[in-house]
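Pasting query-v6.txt here (compact mmCIF, C-alpha atoms):
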```txt
# COMPACT_ATOMS: atom_id res chain seq x y z
CA MET T 1 0.00 0.00 0.00
CA THR T 2 1.34 3.44 -0.96
CA GLN T 3 2.09 5.68 2.01
CA PRO T 4 0.80 9.26 1.89
CA LEU T 5 3.39 11.98 1.44
CA SER T 6 4.76 13.36 4.70
CA GLU T 7 5.62 17.01 5.33
CA LEU T 8 9.27 16.16 4.73
CA ASP T 9 8.37 14.42 1.47
CA LEU T 10 6.47 17.49 0.26
CA SER T 11 9.27 19.83 1.30
CA LEU T 12 11.82 17.63 -0.46
CA ILE T 13 9.77 17.53 -3.66
CA HIS T 14 9.33 21.31 -3.61
CA ALA T 15 13.10 21.69 -3.16
CA LEU T 16 13.74 19.37 -6.11
CA GLN T 17 11.33 21.39 -8.22
CA ILE T 18 13.69 24.32 -7.70
CA ARG T 19 16.99 22.41 -7.96
CA PRO T 20 16.28 18.92 -9.39
CA ARG T 21 19.91 17.74 -9.21
CA ALA T 22 20.92 19.36 -5.92
CA PRO T 23 23.09 17.08 -3.72
CA TRP T 24 21.40 15.62 -0.66
CA GLN T 25 23.95 17.21 1.67
CA GLU T 26 23.08 20.68 0.36
CA LEU T 27 19.33 20.12 0.64
CA ALA T 28 19.73 18.57 4.10
CA ARG T 29 21.03 21.88 5.47
CA VAL T 30 17.99 23.74 4.17
CA LEU T 31 15.43 21.12 5.21
CA ASN T 32 16.97 20.50 8.65
CA SER T 33 17.47 16.83 7.91
CA SER T 34 20.32 14.47 7.02
CA PRO T 35 21.51 13.39 3.55
CA ALA T 36 20.74 9.75 4.37
CA THR T 37 17.21 10.59 5.48
CA LEU T 38 16.51 12.63 2.34
CA ALA T 39 17.90 9.89 0.11
CA ARG T 40 15.74 7.30 1.85
CA HIS T 41 12.59 9.42 1.55
CA TRP T 42 13.28 10.13 -2.12
CA GLU T 43 13.80 6.45 -2.95
CA ARG T 44 10.48 5.56 -1.34
CA VAL T 45 8.57 8.38 -3.02
CA ARG T 46 10.12 7.54 -6.38
CA ALA T 47 9.49 3.79 -5.98
CA ASP T 48 5.83 4.54 -5.22
CA GLY T 49 5.59 6.60 -8.42
CA LEU T 50 4.57 9.69 -6.47
CA SER T 51 7.42 11.90 -7.67
CA TRP T 52 10.20 11.69 -10.21
CA VAL T 53 12.84 13.83 -11.90
CA THR T 54 12.96 13.85 -15.68
CA ALA T 55 14.87 15.80 -18.31
CA TYR T 56 14.18 16.87 -21.87
CA PRO T 57 15.86 19.13 -24.45
CA THR T 58 15.67 22.80 -23.54
CA ARG T 59 13.02 24.46 -25.66
CA ARG T 60 15.13 27.55 -26.43
CA LEU T 61 17.86 25.40 -27.98
CA HIS T 62 15.39 23.70 -30.28
CA SER T 63 13.23 26.65 -31.27
CA HIS T 64 12.81 25.06 -34.69
CA ARG T 65 10.90 22.21 -33.05
CA LEU T 66 7.17 22.41 -33.21
CA VAL T 67 4.83 22.01 -30.26
CA ALA T 68 1.13 21.42 -30.82
CA PHE T 69 -1.96 20.52 -28.84
CA VAL T 70 -4.17 18.03 -30.65
CA GLU T 71 -7.76 17.49 -29.55
CA VAL T 72 -8.90 13.95 -30.31
CA ARG T 73 -12.52 12.85 -30.42
CA CYS T 74 -12.98 9.11 -30.25
CA ALA T 75 -15.42 6.35 -29.42
CA LEU T 76 -15.48 5.87 -25.65
CA PRO T 77 -15.34 2.03 -25.75
CA LYS T 78 -12.04 2.29 -27.62
CA VAL T 79 -10.39 4.98 -25.48
CA SER T 80 -8.30 2.60 -23.38
CA VAL T 81 -6.79 0.73 -26.34
CA LEU T 82 -6.31 3.97 -28.26
CA CYS T 83 -4.46 5.59 -25.35
CA GLY T 84 -2.14 2.60 -25.20
CA GLN T 85 -1.37 2.99 -28.90
CA LEU T 86 -0.89 6.75 -28.76
CA ALA T 87 1.39 6.44 -25.73
CA ARG T 88 3.90 4.46 -27.82
CA PHE T 89 4.50 7.46 -30.10
CA ALA T 90 7.63 9.30 -28.96
CA GLU T 91 6.18 12.45 -30.56
CA VAL T 92 3.19 12.30 -28.19
CA ALA T 93 4.74 13.81 -25.07
CA SER T 94 1.56 13.94 -22.97
CA ILE T 95 -1.95 12.48 -23.08
CA GLU T 96 -4.89 13.77 -21.05
CA GLN T 97 -8.32 12.14 -20.97
CA ALA T 98 -10.84 14.92 -20.50
CA VAL T 99 -14.43 16.04 -20.09
CA GLY T 100 -15.20 18.67 -22.70
CA ASN T 101 -15.41 19.01 -26.46
CA HIS T 102 -12.64 16.44 -26.88
CA THR T 103 -12.01 12.99 -25.45
CA LEU T 104 -8.23 13.27 -25.41
CA LEU T 105 -5.79 16.16 -25.46
CA LEU T 106 -2.34 15.35 -26.81
CA THR T 107 0.81 17.43 -26.44
CA ILE T 108 2.90 16.84 -29.55
CA LEU T 109 6.63 17.53 -29.96
CA VAL T 110 7.95 17.19 -33.52
CA ASP T 111 10.78 18.62 -35.59
CA ASP T 112 8.67 20.57 -38.08
CA LEU T 113 5.23 21.13 -39.60
CA GLY T 114 5.79 18.30 -42.06
CA ALA T 115 6.29 15.85 -39.20
CA LEU T 116 3.08 17.08 -37.54
CA SER T 117 1.20 16.66 -40.82
CA ARG T 118 2.43 13.09 -41.26
CA LEU T 119 1.50 12.26 -37.68
CA VAL T 120 -1.99 13.76 -37.68
CA LEU T 121 -2.99 13.17 -41.31
CA ASP T 122 -1.28 9.85 -42.07
CA GLU T 123 -0.50 7.91 -38.89
CA PHE T 124 -3.32 8.79 -36.49
CA PRO T 125 -6.10 7.91 -38.99
CA GLN T 126 -4.76 4.35 -39.06
CA LEU T 127 -5.60 3.96 -35.36
CA ASP T 128 -9.00 2.42 -34.70
CA GLY T 129 -11.38 4.65 -32.77
CA ILE T 130 -10.30 8.17 -33.75
CA GLU T 131 -13.30 10.04 -35.13
CA SER T 132 -11.73 13.48 -35.64
CA THR T 133 -8.84 15.68 -34.55
CA THR T 134 -8.27 19.42 -34.17
CA SER T 135 -4.70 20.72 -34.04
CA HIS T 136 -3.45 23.90 -32.37
CA VAL T 137 0.14 24.89 -33.13
CA VAL T 138 1.99 26.60 -30.27
CA SER T 139 3.51 29.90 -31.37
CA GLN T 140 5.09 30.59 -27.98
CA THR T 141 5.39 28.70 -24.69
CA HIS T 142 5.10 31.27 -21.92
CA LEU T 143 5.16 28.83 -18.99
CA ASP T 144 5.33 25.05 -18.71
CA GLY T 145 5.04 22.54 -15.89
CA SER T 146 8.69 22.94 -14.90
CA TYR T 147 7.81 26.31 -13.32
CA TRP T 148 4.91 25.03 -11.18
CA ARG T 149 5.68 24.83 -7.45
CA LEU T 150 4.14 22.71 -4.71
CA GLY T 151 4.23 25.46 -2.09
CA ALA T 152 5.54 23.31 0.77
CA LEU T 153 8.64 25.39 1.61
CA THR T 154 8.79 28.65 3.53
CA PRO T 155 9.96 31.76 1.65
CA THR T 156 13.28 31.54 3.50
CA GLN T 157 13.75 27.92 2.42
CA VAL T 158 12.82 28.76 -1.18
CA GLN T 159 15.46 31.48 -1.17
CA ALA T 160 18.07 29.11 0.30
CA VAL T 161 17.38 26.34 -2.22
CA SER T 162 17.34 28.83 -5.10
CA ALA T 163 20.80 30.00 -4.05
CA LEU T 164 22.22 26.50 -4.63
CA PRO T 165 24.05 25.90 -7.93
CA GLY T 166 21.72 24.74 -10.68
CA VAL T 167 21.76 23.82 -14.35
CA ALA T 168 23.08 26.69 -16.46
CA SER T 169 20.88 28.78 -18.72
CA PRO T 170 21.02 27.58 -22.31
CA SER T 171 23.53 28.95 -24.78
CA ARG T 172 22.20 29.48 -28.28
CA SER T 173 25.35 27.94 -29.74
CA THR T 174 24.80 24.65 -27.91
CA VAL T 175 23.56 21.57 -29.76
CA MET T 176 23.13 18.00 -28.59
CA THR T 177 25.82 15.72 -30.02
CA GLU T 178 25.37 12.12 -31.07
CA ARG T 179 27.41 10.92 -28.08
CA GLN T 180 25.29 12.98 -25.67
CA ARG T 181 22.01 11.59 -26.98
CA PRO T 182 22.16 8.26 -25.05
CA ILE T 183 23.01 10.23 -21.91
CA ALA T 184 20.00 12.48 -22.51
CA SER T 185 17.78 9.41 -22.94
CA LEU T 186 18.90 8.05 -19.57
CA LEU T 187 18.41 11.44 -17.88
CA ALA T 188 14.83 11.39 -19.19
CA THR T 189 14.27 8.27 -17.11
CA ASP T 190 16.07 9.64 -14.04
CA GLY T 191 17.12 13.27 -14.03
CA ARG T 192 19.26 12.74 -10.92
CA MET T 193 21.33 9.95 -12.45
CA THR T 194 25.04 10.23 -11.62
CA ALA T 195 27.92 9.99 -14.08
CA ALA T 196 28.90 6.64 -12.54
CA SER T 197 25.40 5.20 -13.04
CA ILE T 198 25.22 6.49 -16.61
CA ALA T 199 28.66 5.08 -17.41
CA ALA T 200 27.65 1.68 -16.07
CA ALA T 201 24.40 1.70 -18.06
CA LEU T 202 26.16 2.69 -21.30
CA ASP T 203 29.32 0.64 -20.69
CA ARG T 204 31.46 3.72 -21.22
CA PRO T 205 34.42 5.08 -19.22
CA GLU T 206 33.16 7.10 -16.28
CA ARG T 207 35.60 9.93 -16.97
CA THR T 208 34.25 10.33 -20.52
CA VAL T 209 30.64 10.27 -19.36
CA ARG T 210 31.35 12.75 -16.59
CA ARG T 211 32.83 15.16 -19.14
CA GLU T 212 29.81 14.82 -21.45
CA LEU T 213 27.37 15.16 -18.53
CA ASP T 214 29.15 18.24 -17.20
CA HIS T 215 28.94 19.74 -20.68
CA LEU T 216 25.19 19.09 -20.85
CA LEU T 217 24.71 20.73 -17.45
CA ARG T 218 27.00 23.71 -18.09
CA GLN T 219 25.49 24.49 -21.48
CA GLY T 220 21.88 24.12 -20.33
CA THR T 221 21.13 21.65 -23.10
CA MET T 222 18.53 19.84 -20.96
CA THR T 223 15.64 21.10 -18.85
CA PHE T 224 15.35 19.15 -15.58
CA ARG T 225 11.95 18.84 -13.98
CA CYS T 226 10.71 17.30 -10.75
CA GLU T 227 7.18 15.98 -11.22
CA ILE T 228 4.58 14.85 -8.71
CA ALA T 229 1.50 12.69 -9.08
CA GLN T 230 -1.35 15.19 -9.11
CA SER T 231 -3.45 12.93 -6.89
CA ALA T 232 -0.82 13.40 -4.16
CA THR T 233 -1.10 17.20 -4.23
CA PRO T 234 -3.65 19.52 -2.60
CA THR T 235 -4.70 20.52 -6.14
CA PRO T 236 -6.20 17.43 -7.83
CA ILE T 237 -8.52 19.23 -10.29
CA TRP T 238 -6.86 19.92 -13.66
CA VAL T 239 -8.66 22.42 -15.88
CA ASN T 240 -7.53 23.77 -19.24
CA TRP T 241 -8.96 27.08 -20.43
CA TRP T 242 -9.07 27.93 -24.12
CA CYS T 243 -9.06 31.70 -24.44
CA ARG T 244 -9.11 34.51 -26.97
CA VAL T 245 -7.05 37.62 -26.24
CA ALA T 246 -5.95 40.51 -28.40
CA MET T 247 -2.32 40.16 -29.48
CA ALA T 248 -1.52 43.55 -27.97
CA ASP T 249 -2.71 42.27 -24.56
CA VAL T 250 -0.85 38.93 -24.49
CA GLY T 251 2.21 40.27 -22.64
CA ARG T 252 0.10 41.91 -19.93
CA VAL T 253 -2.10 38.82 -19.58
CA VAL T 254 0.89 36.50 -19.17
CA ARG T 255 2.46 38.78 -16.55
CA GLN T 256 -0.76 38.76 -14.53
CA LEU T 257 -1.18 35.00 -14.95
CA ARG T 258 2.17 34.45 -13.25
CA LEU T 259 0.55 35.74 -10.06
CA LEU T 260 -2.02 32.92 -10.13
CA PRO T 261 -0.88 30.08 -7.79
CA GLN T 262 -2.99 27.53 -9.68
CA LEU T 263 -1.21 28.23 -12.98
CA ARG T 264 0.44 25.13 -14.43
CA MET T 265 1.12 26.17 -18.02
CA CYS T 266 0.36 28.85 -20.59
CA SER T 267 1.00 28.92 -24.34
CA SER T 268 0.03 31.09 -27.28
CA LEU T 269 -1.68 29.19 -30.09
CA THR T 270 -2.74 29.61 -33.67
CA GLY T 271 -6.48 29.68 -34.29
CA PRO T 272 -9.58 31.32 -32.75
CA ALA T 273 -8.50 30.29 -29.24
CA ASN T 274 -5.04 31.85 -29.23
CA LEU T 275 -4.11 31.21 -25.59
CA ILE T 276 -4.35 28.00 -23.55
CA ILE T 277 -4.10 28.21 -19.76
CA GLY T 278 -3.68 25.09 -17.63
CA THR T 279 -4.49 25.19 -13.91
CA TRP T 280 -4.34 22.75 -11.00
CA ASN T 281 -7.16 23.53 -8.57
CA GLU T 282 -8.07 22.41 -5.07
CA SER T 283 -11.71 21.79 -6.01
CA LEU T 284 -14.33 22.42 -8.68
CA GLN T 285 -15.38 25.43 -6.63
CA GLN T 286 -11.88 26.86 -6.91
CA ALA T 287 -11.91 26.09 -10.64
CA ARG T 288 -15.05 28.20 -10.96
CA ALA T 289 -13.35 30.97 -8.97
CA THR T 290 -10.37 30.68 -11.32
CA HIS T 291 -12.71 31.15 -14.28
CA GLU T 292 -14.17 34.25 -12.66
CA TRP T 293 -10.67 35.57 -11.90
CA LEU T 294 -9.58 35.10 -15.51
CA GLU T 295 -12.52 37.08 -16.86
CA ARG T 296 -12.34 39.76 -14.16
CA GLU T 297 -8.61 40.36 -13.82
CA LEU T 298 -7.58 39.67 -17.41
CA ALA T 299 -10.41 41.55 -19.15
CA PRO T 300 -11.09 41.75 -22.03
CA ILE T 301 -9.94 38.11 -22.27
CA GLU T 302 -12.63 35.73 -23.51
CA VAL T 303 -12.82 32.15 -22.24
CA ILE T 304 -14.03 30.25 -25.29
CA ASP T 305 -13.96 26.73 -23.84
CA SER T 306 -12.68 24.67 -20.94
CA SER T 307 -12.02 21.02 -20.19
CA VAL T 308 -11.50 19.04 -17.00
CA THR T 309 -8.83 16.34 -17.11
CA LEU T 310 -10.13 13.03 -15.79
CA ARG T 311 -6.87 11.15 -16.13
CA CYS T 312 -3.35 11.84 -17.32
CA ILE T 313 -2.06 8.82 -19.22
CA LYS T 314 1.34 10.21 -20.17
CA ARG T 315 3.26 13.27 -19.00
CA MET T 316 6.42 14.44 -20.77
CA GLY T 317 7.22 10.92 -21.92
CA TRP T 318 6.39 9.20 -18.61
CA LEU T 319 3.58 6.64 -18.62
CA LEU T 320 1.26 6.99 -15.63
CA ASP T 321 -1.13 4.59 -13.93
CA PRO T 322 -4.86 5.36 -13.41
CA ASN T 323 -3.97 7.26 -10.21
CA GLY T 324 -1.48 9.46 -12.02
CA ARG T 325 1.57 7.74 -10.52
CA ALA T 326 4.64 6.97 -12.59
CA THR T 327 4.81 3.39 -13.82
CA GLY T 328 8.56 3.63 -14.40
CA GLU T 329 8.22 3.33 -18.19
CA VAL T 330 9.51 6.32 -20.14
CA ILE T 331 9.51 7.10 -23.86
CA PRO T 332 11.95 10.03 -24.27
CA THR T 333 11.03 12.85 -26.66
CA LEU T 334 14.36 13.79 -28.23
CA PRO T 335 14.82 15.92 -31.36
CA ALA T 336 16.46 14.63 -34.51
CA LEU T 337 20.18 15.35 -34.72
CA SER T 338 20.99 18.48 -36.71
```
Structure encoded using structure tokens:
Amino acid sequence: MTQPLSELDLSLIHALQIRPRAPWQELARVLNSSPATLARHWERVRADGLSWVTAYPTRRLHSHRLVAFVEVRCALPKVSVLCGQLARFAEVASIEQAVGNHTLLLTILVDDLGALSRLVLDEFPQLDGIESTTSHVVSQTHLDGSYWRLGALTPTQVQAVSALPGVASPSRSTVMTERQRPIASLLATDGRMTAASIAAALDRPERTVRRELDHLLRQGTMTFRCEIAQSATPTPIWVNWWCRVAMADVGRVVRQLRLLPQLRMCSSLTGPANLIIGTWNESLQQARATHEWLERELAPIEVIDSSVTLRCIKRMGWLLDPNGRATGEVIPTLPALS
């Protein structure tokens, strides 16, 4: 039976959201614990699928890559099988089963518009159960799940953890090399993996792997992200809002959205709904209050549609169980080599 998250577990996860690869000894000072205790708690939490650290190519380094949200309408009796098939696509980073105008919402990561066209127009129609799809191309990602925080640390602790060394900001001249790609694939399955563990897994000299890993970290080639099963948080209600906002107001709207604690992600889109806002809410009542806040504080924004996520089947390459916990199976979403 899975144990509920303790206060120390929650504090540790929040700290790892800020510094996903921070050494236990550094975090122990901030959390008033010991390195051994933190390591033990993390192993249990990770084994239970309640939290995990992943990594994926930094968006700014692969600005040519295309991100899209694809709404899928399908026959309900075939949803389970269809989700299993869609989850095998490396291009399908995330899958949400929802209540709304669509049955599934897919987050797609591909190298270009041609790849999206082949996926949506050629490959998806071969899957039994899909009735129709609607694609929304992301023109700009303002905020993604790597910025969301659990809120378990005090402001002083947040400041202390933030002061610890982290992964460098990306350099525009940095590209992922062929030798770094297997390392990146392993980091997708465990973002805290050490050079020694990677070297053993790849059967490479540890010194060589350490050099490549240090290069990845120094150049900011990868984004590291500590995730948590939503069912284990105080905010189990996931709502996506499809909005229309004047282009001249987008900057102001995004700045105000950053003040919303429930905010999980925000992206500009092509199409009539040109802004999608994802929120994690404590209850349906709070979701309604969020809707009211959006229309009141962000006026003249127009909420065109909304959807409530019933189940997340896949999140940034990680397959999840019906309770939203990590199964341990990961399908990395890596770009093609330049």
Excluding Ala90 of chain T and residues on its chain fewer than 2 positions from it, collect all residues at most 7 Å away from it, counting all atoms listed in the file, and give them as an MDAnalysis selection string.
chainID T and resid 88 92:93 331:333
Just to confirm, what's the straight-line distance from atom CA of Ile13 of chain T to atom CA of Leu150 of chain T in Å (one decimal)?
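That distance, rounded to one decimal, is 7.7 Å.
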Counting all atoms listed in the file, which of T:His14, T:Arg21, T:Arg255, T:Arg211 gets nearest to Pro155 of chain T?
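For Pro155 of chain T, the nearest of the given residues is T:His14.
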Of the candidates T:Val99, T:Ala232, T:Val45, T:Pro272, which one gets nearest to Ser135 of chain T if we count all atoms listed in the file?
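Looking at the shortest contact to Ser135 of chain T, the residue is T:Pro272.
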Mind pulling up the distance from atom CA of Thr58 of chain T to atom CA of Ala248 of chain T?
27.3 Å
Using only C-alpha atoms, which of the listed residues (T:Asn101, T:Asn274, T:Ser146, T:Ser33) sits closest to Arg19 of chain T?
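Closest to Arg19 of chain T of all the choices is T:Ser146.
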Can you sort out the box for segment 68-71 of chain T, edges along x, y and z, all listed atoms in, 5 Å on every side, with centre and edge lengths in Å to one decimal, as JSON?
```
{"center_x": -3.3, "center_y": 19.5, "center_z": -29.8, "size_x": 18.9, "size_y": 13.9, "size_z": 12.0}
```
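For the set T:Leu66, T:Cys74, T:Val250, T:Val137, the residue with the smallest atom-to-atom gap to Asp111 of chain T is T:Leu66, counting only C-alpha atoms.
Nearest to Glu7 of chain T of all the residues T:Leu31, T:Met222, T:Ala196, T:Leu119 is T:Leu31, based on only C-alpha atoms.
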Show which residues sit within 8 Å of Val161 of chain T, as a list in words. Count only C-alpha atoms, and ignore same-chain residues fewer than 3 positions away.
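Listing them by chain and then by number gives Ala15, Ile18, Arg19, Leu27, Val30, Gln157, Val158 and Leu164 of chain T.
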Please list as a PDB file with C-alpha atoms, in the frame of the given file every residue within 10 Å of Cys83 of chain T, counting all atoms listed in the file and excluding residues in the same chain fewer than 5 positions away.
```pdb
ATOM      1  CA  LYS T  78     -12.040   2.290 -27.620  1.00  0.00           C
ATOM      2  CA  ARG T  88       3.900   4.460 -27.820  1.00  0.00           C
ATOM      3  CA  ILE T  95      -1.950  12.480 -23.080  1.00  0.00           C
ATOM      4  CA  GLU T  96      -4.890  13.770 -21.050  1.00  0.00           C
ATOM      5  CA  GLN T  97      -8.320  12.140 -20.970  1.00  0.00           C
ATOM      6  CA  LEU T 104      -8.230  13.270 -25.410  1.00  0.00           C
ATOM      7  CA  ILE T 313      -2.060   8.820 -19.220  1.00  0.00           C
ATOM      8  CA  LYS T 314       1.340  10.210 -20.170  1.00  0.00           C
TER       9      LYS T 314
END
```
Grab the atom CA of Gly317 of chain T to atom CA of Pro57 of chain T distance for me, in Å with one decimal place.
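Between atom CA of Gly317 of chain T and atom CA of Pro57 of chain T the gap works out to 12.2 Å.
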Name the closest residue to Val67 of chain T among the candidates T:Thr223, T:Ser307, T:Gln180, T:Ser139; distances are taken between atoms, counting only C-alpha atoms.
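Residue with the minimum atom-to-atom distance to Val67 of chain T: T:Ser139.
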Extract, using all atoms listed in the file, all DNA, RNA and protein residues at most 10 Å from Ile228 of chain T, discarding same-chain residues fewer than 6 positions from it, and format them as an MDAnalysis selection string.
chainID T and resid 10 13:14 17 45:46 49:53 150 324:326
